[in-house]
Every structure is written in structure tokens, then in C-alpha cells.
4 protein chains.
Amino acid sequence: MPTTKKRNTKVIADASKEKIFQTAFDLFALNGYSRTSVDAIAKKAKISKGLIYHYFTSKEDILRGIFLRFVENTSLQMTGDGSLPPKAALKQMIDFSISFIIHEVKLSRLMIALVIQPDVIKGINKDMSKLREGWWGVLIDLLKKMGYKNPEAEGYFLGAILDGISLGYIAMGKSYPIEKVKRLIKKKYEL
Amino acid sequence: MPTTKKRNTKVIADASKEKIFQTAFDLFALNGYSRTSVDAIAKKAKISKGLIYHYFTSKEDILRGIFLRFVENTSLQMTGDGSLPPKAALKQMIDFSISFIIHEVKLSRLMIALVIQPDVIKGINKDMSKLREGWWGVLIDLLKKMGYKNPEAEGYFLGAILDGISLGYIAMGKSYPIEKVKRLIKKKYEL
Amino acid sequence: MPTTKKRNTKVIADASKEKIFQTAFDLFALNGYSRTSVDAIAKKAKISKGLIYHYFTSKEDILRGIFLRFVENTSLQMTGDGSLPPKAALKQMIDFSISFIIHEVKLSRLMIALVIQPDVIKGINKDMSKLREGWWGVLIDLLKKMGYKNPEAEGYFLGAILDGISLGYIAMGKSYPIEKVKRLIKKKYEL
Amino acid sequence: MPTTKKRNTKVIADASKEKIFQTAFDLFALNGYSRTSVDAIAKKAKISKGLIYHYFTSKEDILRGIFLRFVENTSLQMTGDGSLPPKAALKQMIDFSISFIIHEVKLSRLMIALVIQPDVIKGINKDMSKLREGWWGVLIDLLKKMGYKNPEAEGYFLGAILDGISLGYIAMGKSYPIEKVKRLIKKKYEL
DNA sequence: AATGAATGAGGATTCATTCAT
DNA sequence: AATGAATGAATCCTCATTCAT
């Protein structure tokens, strides 16, 4: 049964790779990329350092993998599948964003860290820019459909609000009045 | 004579310390704190590594010094001296912020890096929080005086916008439509 | 049937082993022994790393195998089968050597690397010495038959010339005036 | 006495740097460049690894330093100062070379290793080529002055002999009949 | 005040080899 | 015969910090 065998092996392989992914993600999000050593990942994942380099070409490569997975996982939820009417879609985007900001603080922090570190992680920067501009493109589109006169500026404006809230929430945690601010946003966009 | 001597020495000492300050600031802003080595600072400042540790107890201590100085230098410009009427003061804060975002990209990046790295530089975190909350306190105060119903949320809202714009400008540089967004802000607050 | 099967298996096995041989040889010659990883051999040969250790006990063992095969392949061409008269045999040796130096630069380099690295590949060193001394023994013999007074010294002398030319050609490539030097050799030995 | 102080410091500094030089040289010559670890150098020199990187930018940099020193030390002895008549100068070159081959086997081996490893030590390769071609240039010049018809080929020929002898002596040690071969050379050039 | 030699604990990465399947 | 996951020691290099002078 070569098929079964193969699948087994694959599953096992995936188990290790997955462990590396998860552990690296936890540590990157917790302590930041550069303060997380490959050694620390190996130790926490209880695997050998060598195995990490069996699955990834470099520490940066792990980060790239994590980032791409993040993109996959969030894109659809973030921007929707285009089936909703503009107003509902905008509402969903904002709700998802605020929810993400609240529940994924560490991940948000990691992503912002990537944004502001241009050269460190070169391979990711382009994708990161694309992602952000993609999101904002969707925002702009929605605002256009909703009849805003200056959808581009409005899109960047709303994008900035969400980014800024994320930063504030990272800095202040639960003492940040995120719900109140959210209500202001909804009021502004009549949602 | 001793007095003069002392003052002279002090001046010379200050010259060295100042050089360290300036150089470290440049490098931190340019390459980030962790990617700047004490050695690099010494070399660029054309002084010895030992001298740095004569004036500062650690690399972190340099950053602390830079940060405190930054606070001193910007606070007044940012928040004004209280002599302006609320609307003018708000206008000044926004203008200064946008100008700072545009002209001090590297410094902005450094500051945001400090915000999102809680533990790295422990001594700074409190001051940083105070600073941000101070700014926002002033904002809230102004909005209150201007008659806004929900000045707290509005203050955090405006603060978030400015932070978000900063992040966007760091990420995209001149392709970020900062002037257009600025106009939206001014329109929103009727400035 | 079992016989055929066995033979088939053998042939397949040989095919894999042969692939390893060839690939390892190429890479050793191209990049040197120590800079060639077992992994690189496996990848280029499109077989698994494990299979290499099925056929060879170690990386060194591969090199040993390559070397022995090299000895087998070149010895006859180098020294002839003893059927030629001394002068013709000497001419053949020189012609073959020069041709080898020109057309097998990488292999020459690998062989010289083995000569000057005594301990690295212990198993080979003896064979290498035997080989060289074998060649020179034949040289000495030929020169003796040709009537040279001091055939031993003359043999080592000629051997040194050929080695030195090889080194020069490795170092300088086509800018080395190998043909002119060859003519000097032929003139010296009246060939 | 800043001068004295400085000189003292310099001397001490030189002592450490010199120790690194000597130790690295010994180990490189004994075991080869790539099989000598920076750690091994540090341990044998009884200094910290860090100090090595205080004086040298890389392991390769140490080798470069050793090589340059070698060039300085041998060039004059090898090629003379041009004051001798051609025949005497040629004699001196040959004598020095043979003596070097006999007494500096490890160093010879290291140098040959450098010649045949093109890319490994990139910075050195050019200098190495220059050095060799410089020596041979002198040889050619001398042979020209001595009235040889084809001085270029003759120069390369003699150069090859000396290189070849070096290789032979490295491979065989004292069982290599170097004196006999030397006599043949002298006879050939009527020295 | 000032120097820079010296340290040693990491940090990322490579690689020959083993082993379960 | 064949795979490739897994190991762990070794390697080059960086860097904050200390200290004698």
C-alpha cells in the first residue's frame, strides 16, 4: 500500500512541520522575530535544530511561511467573497478587523513589526505591501459603491483608523476604549 | 579657576556625550535599535567604545536618553502652551503631527517600534505610555472644549487616525496620499 | 527466473550506484571534496540520501571508489601495455599526460588536492602514493632502457615537470603556454 | 608620555595579533585552511574567539594576512635585488626554492592548496597569481639575459620543475630524491 | 575623560550520518 | 532497494559589556 505509506509519512512530516510552524509563530508573536532564536524554536518544539533546516531554508523562511498562512487564513474573512452588498461588506470588514485587533494582539504586533522593518525581512515586504494595498483597494471599492465622493482618500482614512486602533490596542491593552471608538466608526459610516 | 576648569571639562564631556546621542539617534532611527551595535555607534561617532560606557550604563540607557530628549523636544510643539483657542490648538496639533509624519519618517518608525516592543526596553515603556496618553489627554480636552459629545472616544479616534497615517506613510512612503487624507481630517473637524 | 530477477536487480542497483559515482565525481571535481555535501550528491543524482549510505559506508568511501576507478581507467593508457619500444612508450606517456592536463583540469585538481591532503582521506593515501610511484617507476624504467645514465633522477625530474605543468595549467588555464613547454620537453627527450 | 603608552599598547596588541597569526599559520599549514576552525585557533592561542574577530574581519582575512606576510618575507630572497649577474641570480633562485621546498613543507602545501582552490579564498587568488607570474617573469628575464632562445617557455619549464618537485616532496617526504633532481637542474642550466 | 583589548555567551546555518518504514 | 525524517555536533561570526591603563 504505497499510497497509505506515503500518506502516513506525509502526515508525520506535516506533524513536525506543523509543530515548527506553531512554535515559531507563538515565539515570533510573543517576543518578536529577531529576538526569537532558531534554537529556542527547536527547544520549545522539542525537535532538533537540524530538522528546522530540513523543512525551511532559513529562519526568515519560517516567517515567510507563517505570513503566507496568515494571508490565506484572513483574506477571505477580511474582504469577503464579494457576495454581500457594499454596506454589509464594509460592516463585515470593520467587524472582522476590530475582532482581529482584540483577539490577535500578538499577531497584530508581529504584522506591524514586519511593516515597519523594511529590510530585515526582505522576502515578505513585497507581499505585505500587496496585502495591505489589496485590503485598502477593497475598502476603496466599497466606499465608491456606497457613493462616497472621494473614495480613495476615504479608504486610506478608514484604513488608517483601523491601523491606528490596532497600535493603540497593542500599546494600552484593555484600557483602550476600543468599543467606544468602534461605535464612532460605525456612526461615521452609518452602519 | 577651578570653576572654569570644571565648566570646561563639563563642556568637553558634554560634547562627547552629545556626539554619542546624535550618532546613536541617527543609527537607531536608520537601522533600528537592535540592529545597531554599540560598536557601530562608537565608530561613527569616532570615539571609543569604552567612552560610551562611561556616559551610559548600557545600550538601552542610550535609547532611554534619546527618547526622553525626544519627549522634551516635541511635547511643547505638539500640544502647544495652552494659549491658543481650542480650534486653533487642534489645528496646530494635527498640522504638527502630519508634518512630523512626513519629515521624520525614521524617527516615527523608531517610536512605533518602541510602542510595539513592550519588554525590550522596559524603562521606556512607562514613559512612552505616559507620553501617548498625555497627547491624547490634550486631544480629548480640546475636543471637549469644542463641544464634542463624546470627547474621549473622539480623542482616541483622532489619535488612531494620526497613528494609522504614520504607519501607512512608513509603509508606502510618498505613494501614500497623505495630503488627501489630511484634507479629510480637516473637513471632519471643520478646521 | 530467480537468476534473471537477481541480475535485473543487480543491474538496477548498479544503475543507482553508478549514478552516485558519476554525480559525486562531477561534484568533487567541480567543487572539491569537502565543499561537496552528501545532500548535494543525492539531489543532483535524484536519489535519496539514504541510498547513498546503502552503497557506501561514508562520504570518504565514495571518494575512495572514485579514485580506484580513476586508477583503473588511466593506468593502462598512461603506462601502456609494455608492447611499445621505450621511446614510443615515453612519447605516449608524455602525450597522454599533457592531454590529460589539458582536458581533465578539474580531475587533475582533485587528484592534486588528494596528494597534498595526507590525512583527510586516509584510505586513499597509500594507493595514491603507489600510483604515483608506479608511474614514475615506469618512467624510470623507460629512461633506463633509453640509456640515460641516471634514470632515477631523470624519472623524478620528468615526473616533476609534468606535475608542475599540471599545477601551472590549473592556476592559469589557457594563458599557460602549455604547447611551448611541451615542445621543450619533447626536444629535451629527443622525441 | 603618550608616546610610550601608545607604543606599549601597540606592542601588547601586536603580541596578541602575532599570537593569532602564528597559531593560525601553524594550524593552516598543518591541517589545511578549511579543516582549521576559528575555535581551534582561539583555543590553541589561548585567547577568546572574539579577540580574533577584533583583529581580523574573518577567517579568510587571517589567511590573507598570513599570505601577504609570506609574500613579503620570501619575495626578496626568492628573486634577489637585481644586483647579481643573471647566472648567479638564477642559481640563487633555484637554491632558495629547493631549500624552501625542503624546509617549509607545510607552508608549501598550504600555498599549493591555495593555488588549486580558485573560489574558496577569493581575495587571495589574484595576489597568488600575481606572485607566481611575478616569479616566473623574473625567471624568464634571467633566462633571456643568459641567452636562451625561447626564454618564456624555458621559464615556465623551470617553474614547472620547481613546482613539481615541491609536489613530489610533499607527497613523498624524505624518500623523494630531491638532491639528485637538484643536481640535474643545475647540470641542465650549467650552474 | 578616554582608549581599545579582551571576553564569552549566543546566533544562524551546515552536514555527515542514522534509522524507521 | 529506497526514502527522507531526524539528529547533534561543529562552524563562522556578532555583540554587549568589562577592565587595565
# chains A, B, ... in the order shown; residues from 1 in each chain; ligands from 1
>>> residues_around(residues="D:Ala113", least_positions_apart="6", cutoff="10 Å", atoms="only C-alpha atoms (C1' of nucleotides)", output="JSON, numbers by chain")
{"C": [109, 112, 113, 116, 117], "D": [29, 32, 33, 107]}
>>> residues_around(residues="stretch 3-8 of chain E", least_positions_apart="2", cutoff="10 Å", atoms="only C-alpha atoms (C1' of nucleotides)", output="tab-separated table (two decimals) with all heavy atoms, in the first residue's frame")
chain	number	residue	atom	x	y	z
B	47	ILE	N	34.57	57.90	18.54
B	47	ILE	CA	35.05	57.82	19.91
B	47	ILE	C	35.18	56.33	20.27
B	47	ILE	O	34.81	55.47	19.48
B	47	ILE	CB	34.07	58.50	20.89
B	47	ILE	CG1	32.65	58.03	20.62
B	47	ILE	CG2	34.15	60.00	20.78
B	47	ILE	CD1	32.05	57.24	21.69
B	48	SER	N	35.70	56.08	21.44
B	48	SER	CA	35.93	54.67	21.78
B	48	SER	C	34.69	54.06	22.41
B	48	SER	O	33.84	54.75	22.96
B	48	SER	CB	37.08	54.55	22.76
B	48	SER	OG	36.66	55.01	24.03
B	49	LYS	N	34.62	52.76	22.29
B	49	LYS	CA	33.50	52.04	22.86
B	49	LYS	C	33.43	52.28	24.37
B	49	LYS	O	32.36	52.46	24.93
B	49	LYS	CB	33.66	50.55	22.59
B	49	LYS	CG	32.50	49.93	21.89
B	49	LYS	CD	32.61	48.42	21.82
B	49	LYS	CE	33.86	47.93	21.14
B	49	LYS	NZ	33.81	46.46	20.92
B	50	GLY	N	34.61	52.29	24.98
B	50	GLY	CA	34.65	52.48	26.42
B	50	GLY	C	34.00	53.78	26.87
B	50	GLY	O	33.33	53.82	27.91
B	51	LEU	N	34.19	54.80	26.08
B	51	LEU	CA	33.64	56.11	26.46
B	51	LEU	C	32.12	56.08	26.51
B	51	LEU	O	31.50	56.75	27.34
B	51	LEU	CB	34.13	57.17	25.48
B	51	LEU	CG	33.89	58.62	25.93
B	51	LEU	CD1	34.53	58.87	27.28
B	51	LEU	CD2	34.44	59.60	24.89
D	6	LYS	N	51.36	54.64	24.11
D	6	LYS	CA	50.85	54.14	22.84
D	6	LYS	C	51.69	52.97	22.33
D	6	LYS	O	51.18	51.96	21.90
D	6	LYS	CB	50.89	55.27	21.81
D	6	LYS	CG	49.64	55.31	20.95
D	6	LYS	CD	49.64	56.54	20.10
D	6	LYS	CE	48.30	56.74	19.41
D	6	LYS	NZ	48.25	58.03	18.73
D	9	THR	N	50.97	49.90	24.35
D	9	THR	CA	49.70	49.30	23.95
D	9	THR	C	49.86	48.59	22.61
D	9	THR	O	49.41	47.48	22.41
D	9	THR	CB	48.63	50.40	23.81
D	9	THR	OG1	48.69	51.21	24.97
D	9	THR	CG2	47.27	49.78	23.68
D	12	ILE	N	51.63	45.37	23.00
D	12	ILE	CA	50.75	44.35	23.55
D	12	ILE	C	49.76	43.86	22.51
D	12	ILE	O	49.56	42.68	22.32
D	12	ILE	CB	49.99	44.90	24.78
D	12	ILE	CG1	50.97	45.14	25.92
D	12	ILE	CG2	48.93	43.93	25.22
D	12	ILE	CD1	50.40	45.94	27.07
D	13	ALA	N	49.18	44.83	21.83
D	13	ALA	CA	48.24	44.48	20.77
D	13	ALA	C	48.91	43.58	19.76
D	13	ALA	O	48.39	42.54	19.37
D	13	ALA	CB	47.73	45.74	20.08
D	16	SER	N	49.19	39.96	20.82
D	16	SER	CA	48.01	39.12	20.62
D	16	SER	C	47.80	38.82	19.14
D	16	SER	O	47.54	37.69	18.77
D	16	SER	CB	46.77	39.81	21.18
D	16	SER	OG	46.67	39.58	22.55
D	47	ILE	N	43.38	32.46	23.58
D	47	ILE	CA	42.66	33.74	23.60
D	47	ILE	C	41.20	33.46	23.24
D	47	ILE	O	40.86	32.36	22.85
D	47	ILE	CB	43.26	34.76	22.62
D	47	ILE	CG1	43.45	34.10	21.26
D	47	ILE	CG2	44.56	35.32	23.14
D	47	ILE	CD1	42.73	34.73	20.17
D	48	SER	N	40.36	34.46	23.39
D	48	SER	CA	38.96	34.23	23.09
D	48	SER	C	38.69	34.35	21.60
D	48	SER	O	39.41	35.04	20.88
D	48	SER	CB	38.10	35.23	23.84
D	48	SER	OG	38.26	36.52	23.27
D	49	LYS	N	37.66	33.68	21.18
D	49	LYS	CA	37.28	33.75	19.78
D	49	LYS	C	37.02	35.20	19.37
D	49	LYS	O	37.41	35.63	18.29
D	49	LYS	CB	35.98	32.95	19.58
D	49	LYS	CG	36.08	31.84	18.58
D	49	LYS	CD	34.72	31.23	18.31
D	49	LYS	CE	34.08	30.62	19.55
D	49	LYS	NZ	32.80	29.93	19.24
D	50	GLY	N	36.37	35.91	20.26
D	50	GLY	CA	36.03	37.30	19.97
D	50	GLY	C	37.24	38.14	19.60
D	50	GLY	O	37.17	39.01	18.73
D	51	LEU	N	38.34	37.87	20.27
D	51	LEU	CA	39.53	38.68	20.03
D	51	LEU	C	40.04	38.50	18.60
D	51	LEU	O	40.55	39.45	17.98
D	51	LEU	CB	40.64	38.32	21.02
D	51	LEU	CG	41.82	39.28	21.05
D	51	LEU	CD1	41.38	40.69	21.34
D	51	LEU	CD2	42.85	38.84	22.08
D	52	ILE	N	39.87	37.31	18.09
D	52	ILE	CA	40.28	37.07	16.71
D	52	ILE	C	39.51	38.00	15.78
D	52	ILE	O	40.10	38.61	14.87
D	52	ILE	CB	40.03	35.59	16.33
D	52	ILE	CG1	40.98	34.69	17.13
D	52	ILE	CG2	40.23	35.39	14.83
D	52	ILE	CD1	40.82	33.22	16.82
D	54	HIS	N	38.36	40.73	16.58
D	54	HIS	CA	38.73	42.11	16.87
D	54	HIS	C	39.86	42.54	15.93
D	54	HIS	O	39.95	43.69	15.52
D	54	HIS	CB	39.16	42.22	18.32
D	54	HIS	CG	39.53	43.60	18.75
D	54	HIS	ND1	38.61	44.61	18.88
D	54	HIS	CD2	40.73	44.14	19.05
D	54	HIS	CE1	39.23	45.71	19.26
D	54	HIS	NE2	40.51	45.45	19.37
D	55	TYR	N	40.69	41.58	15.61
D	55	TYR	CA	41.85	41.90	14.76
D	55	TYR	C	41.64	41.55	13.30
D	55	TYR	O	42.27	42.14	12.43
D	55	TYR	CB	43.08	41.15	15.27
D	55	TYR	CG	43.61	41.71	16.57
D	55	TYR	CD1	43.54	40.98	17.75
D	55	TYR	CD2	44.15	42.99	16.61
D	55	TYR	CE1	44.03	41.49	18.94
D	55	TYR	CE2	44.63	43.52	17.79
D	55	TYR	CZ	44.56	42.77	18.96
D	55	TYR	OH	45.03	43.28	20.13
E	1	DA	P	34.19	62.33	33.05
E	1	DA	OP1	34.01	63.44	33.94
E	1	DA	OP2	33.20	61.57	32.37
E	1	DA	O5'	35.41	62.69	32.10
E	1	DA	C5'	35.62	63.96	31.50
E	1	DA	C4'	36.64	63.77	30.40
E	1	DA	O4'	37.73	62.98	30.93
E	1	DA	C3'	36.09	62.99	29.22
E	1	DA	O3'	36.72	63.48	28.04
E	1	DA	C2'	36.49	61.55	29.53
E	1	DA	C1'	37.81	61.74	30.24
E	1	DA	N9	38.06	60.72	31.28
E	1	DA	C8	37.26	60.37	32.30
E	1	DA	N7	37.75	59.43	33.07
E	1	DA	C5	38.97	59.15	32.51
E	1	DA	C6	39.99	58.23	32.85
E	1	DA	N6	39.93	57.42	33.91
E	1	DA	N1	41.09	58.21	32.07
E	1	DA	C2	41.14	59.04	31.01
E	1	DA	N3	40.25	59.94	30.59
E	1	DA	C4	39.17	59.94	31.40
E	10	DG	P	23.93	32.52	26.95
E	10	DG	OP1	22.75	33.39	26.67
E	10	DG	OP2	23.87	31.52	28.01
E	10	DG	O5'	24.40	31.78	25.65
E	10	DG	C5'	23.57	31.61	24.52
E	10	DG	C4'	23.33	32.89	23.77
E	10	DG	O4'	24.61	33.44	23.35
E	10	DG	C3'	22.55	32.63	22.49
E	10	DG	O3'	21.73	33.73	22.17
E	10	DG	C2'	23.63	32.42	21.45
E	10	DG	C1'	24.76	33.31	21.96
E	10	DG	N9	26.04	32.68	21.67
E	10	DG	C8	26.67	31.68	22.38
E	10	DG	N7	27.82	31.32	21.86
E	10	DG	C5	27.95	32.15	20.74
E	10	DG	C6	28.99	32.22	19.79
E	10	DG	O6	30.02	31.55	19.72
E	10	DG	N1	28.73	33.18	18.81
E	10	DG	C2	27.61	33.97	18.79
E	10	DG	N2	27.51	34.83	17.78
E	10	DG	N3	26.64	33.92	19.67
E	10	DG	C4	26.87	32.99	20.62
F	17	DT	P	24.70	45.92	27.55
F	17	DT	OP1	23.63	45.58	28.49
F	17	DT	OP2	24.75	47.26	26.95
F	17	DT	O5'	26.09	45.60	28.24
F	17	DT	C5'	26.36	44.25	28.64
F	17	DT	C4'	27.80	44.09	29.06
F	17	DT	O4'	28.67	44.05	27.91
F	17	DT	C3'	28.37	45.20	29.97
F	17	DT	O3'	28.77	44.59	31.18
F	17	DT	C2'	29.56	45.74	29.19
F	17	DT	C1'	29.92	44.55	28.32
F	17	DT	N1	30.71	44.87	27.11
F	17	DT	C2	31.91	44.24	26.92
F	17	DT	O2	32.38	43.44	27.72
F	17	DT	N3	32.57	44.60	25.77
F	17	DT	C4	32.14	45.49	24.80
F	17	DT	O4	32.83	45.73	23.81
F	17	DT	C5	30.88	46.11	25.05
F	17	DT	C7	30.33	47.10	24.07
F	17	DT	C6	30.23	45.78	26.18
F	18	DT	P	29.19	45.44	32.42
F	18	DT	OP1	28.44	44.89	33.55
F	18	DT	OP2	29.14	46.88	32.08
F	18	DT	O5'	30.72	45.03	32.60
F	18	DT	C5'	31.08	43.67	32.43
F	18	DT	C4'	32.59	43.55	32.42
F	18	DT	O4'	33.12	43.94	31.13
F	18	DT	C3'	33.31	44.43	33.45
F	18	DT	O3'	34.30	43.63	34.10
F	18	DT	C2'	33.92	45.56	32.62
F	18	DT	C1'	34.21	44.82	31.32
F	18	DT	N1	34.28	45.66	30.09
F	18	DT	C2	35.35	45.49	29.24
F	18	DT	O2	36.25	44.70	29.46
F	18	DT	N3	35.33	46.28	28.12
F	18	DT	C4	34.36	47.20	27.77
F	18	DT	O4	34.45	47.85	26.74
F	18	DT	C5	33.27	47.33	28.70
F	18	DT	C7	32.18	48.30	28.41
F	18	DT	C6	33.28	46.56	29.80
F	19	DC	P	34.93	44.09	35.45
F	19	DC	OP1	34.95	42.91	36.34
F	19	DC	OP2	34.33	45.36	35.87
F	19	DC	O5'	36.44	44.38	34.99
F	19	DC	C5'	37.03	43.59	33.95
F	19	DC	C4'	38.34	44.23	33.51
F	19	DC	O4'	38.12	45.04	32.34
F	19	DC	C3'	38.96	45.16	34.55
F	19	DC	O3'	40.36	44.96	34.56
F	19	DC	C2'	38.63	46.56	34.04
F	19	DC	C1'	38.69	46.32	32.53
F	19	DC	N1	37.89	47.28	31.73
F	19	DC	C2	38.33	47.66	30.46
F	19	DC	O2	39.39	47.20	30.03
F	19	DC	N3	37.59	48.54	29.75
F	19	DC	C4	36.46	49.03	30.26
F	19	DC	N4	35.77	49.88	29.51
F	19	DC	C5	35.98	48.64	31.55
F	19	DC	C6	36.72	47.78	32.25
F	20	DA	P	41.14	45.14	35.95
F	20	DA	OP1	41.05	43.85	36.66
F	20	DA	OP2	40.71	46.40	36.61
F	20	DA	O5'	42.62	45.33	35.41
F	20	DA	C5'	43.05	44.59	34.27
F	20	DA	C4'	43.90	45.47	33.36
F	20	DA	O4'	43.05	46.36	32.60
F	20	DA	C3'	44.90	46.36	34.09
F	20	DA	O3'	46.13	46.36	33.36
F	20	DA	C2'	44.24	47.74	34.08
F	20	DA	C1'	43.50	47.69	32.74
F	20	DA	N9	42.32	48.54	32.67
F	20	DA	C8	41.36	48.71	33.62
F	20	DA	N7	40.41	49.54	33.27
F	20	DA	C5	40.77	49.94	32.00
F	20	DA	C6	40.16	50.81	31.07
F	20	DA	N6	39.03	51.47	31.30
F	20	DA	N1	40.79	50.99	29.89
F	20	DA	C2	41.93	50.33	29.65
F	20	DA	N3	42.59	49.49	30.44
F	20	DA	C4	41.95	49.34	31.61
F	21	DT	P	47.39	47.08	33.94
F	21	DT	OP1	48.54	46.27	33.49
F	21	DT	OP2	47.17	47.39	35.36
F	21	DT	O5'	47.39	48.43	33.11
F	21	DT	C5'	47.27	48.38	31.70
F	21	DT	C4'	47.13	49.78	31.17
F	21	DT	O4'	45.77	50.25	31.33
F	21	DT	C3'	48.03	50.83	31.86
F	21	DT	O3'	48.90	51.40	30.90
F	21	DT	C2'	47.06	51.85	32.41
F	21	DT	C1'	45.83	51.64	31.54
F	21	DT	N1	44.53	52.06	32.13
F	21	DT	C2	43.69	52.85	31.38
F	21	DT	O2	43.94	53.24	30.27
F	21	DT	N3	42.52	53.20	32.01
F	21	DT	C4	42.13	52.83	33.28
F	21	DT	O4	41.06	53.21	33.75
F	21	DT	C5	43.06	52.01	34.00
F	21	DT	C7	42.73	51.56	35.39
F	21	DT	C6	44.21	51.66	33.40
>>> interface_residues(of="chain A", to="chain E", cutoff="8 Å", atoms="only C-alpha atoms (C1' of nucleotides)", output="PyMOL selection string")
chain A and resi 37-38+58-59
>>> select_by_dssp(residues="stretch 58-149 of chain C", states="helix (DSSP H, G or I)", output="PyMOL selection string")
chain C and resi 59-79+86-103+105-116+122-145
>>> interface_residues(of="chain D", to="chain C", cutoff="10 Å", atoms="only C-alpha atoms", output="PyMOL selection string")
chain D and resi 30-32+34-35+106+108-110+112-120+125+128-129+132-133+150+152-172+176-185
>>> interface_residues(of="chain F", to="chain C", cutoff="9 Å", atoms="only C-alpha atoms (C1' of nucleotides)", output="list in words")
DA1, DA2, DT3 and DG4 of chain F
>>> write_last_selection(atoms="C-alpha atoms (C1' of nucleotides)", output="compact mmCIF listing (two decimals), in the first residue's frame")
# COMPACT_ATOMS: atom_id res chain seq x y z
C1' DA F 1 16.47 -1.31 -2.93
C1' DA F 2 14.88 3.05 -1.43
C1' DT F 3 13.14 7.04 1.12
C1' DG F 4 13.62 11.17 3.72
>>> atom_distance(atom1="atom CA of C:Gln22", atom2="atom CA of C:Arg69")
11.0 Å
>>> atom_distance(atom1="atom CA of C:Leu27", atom2="atom CA of C:Phe96")
24.0 Å
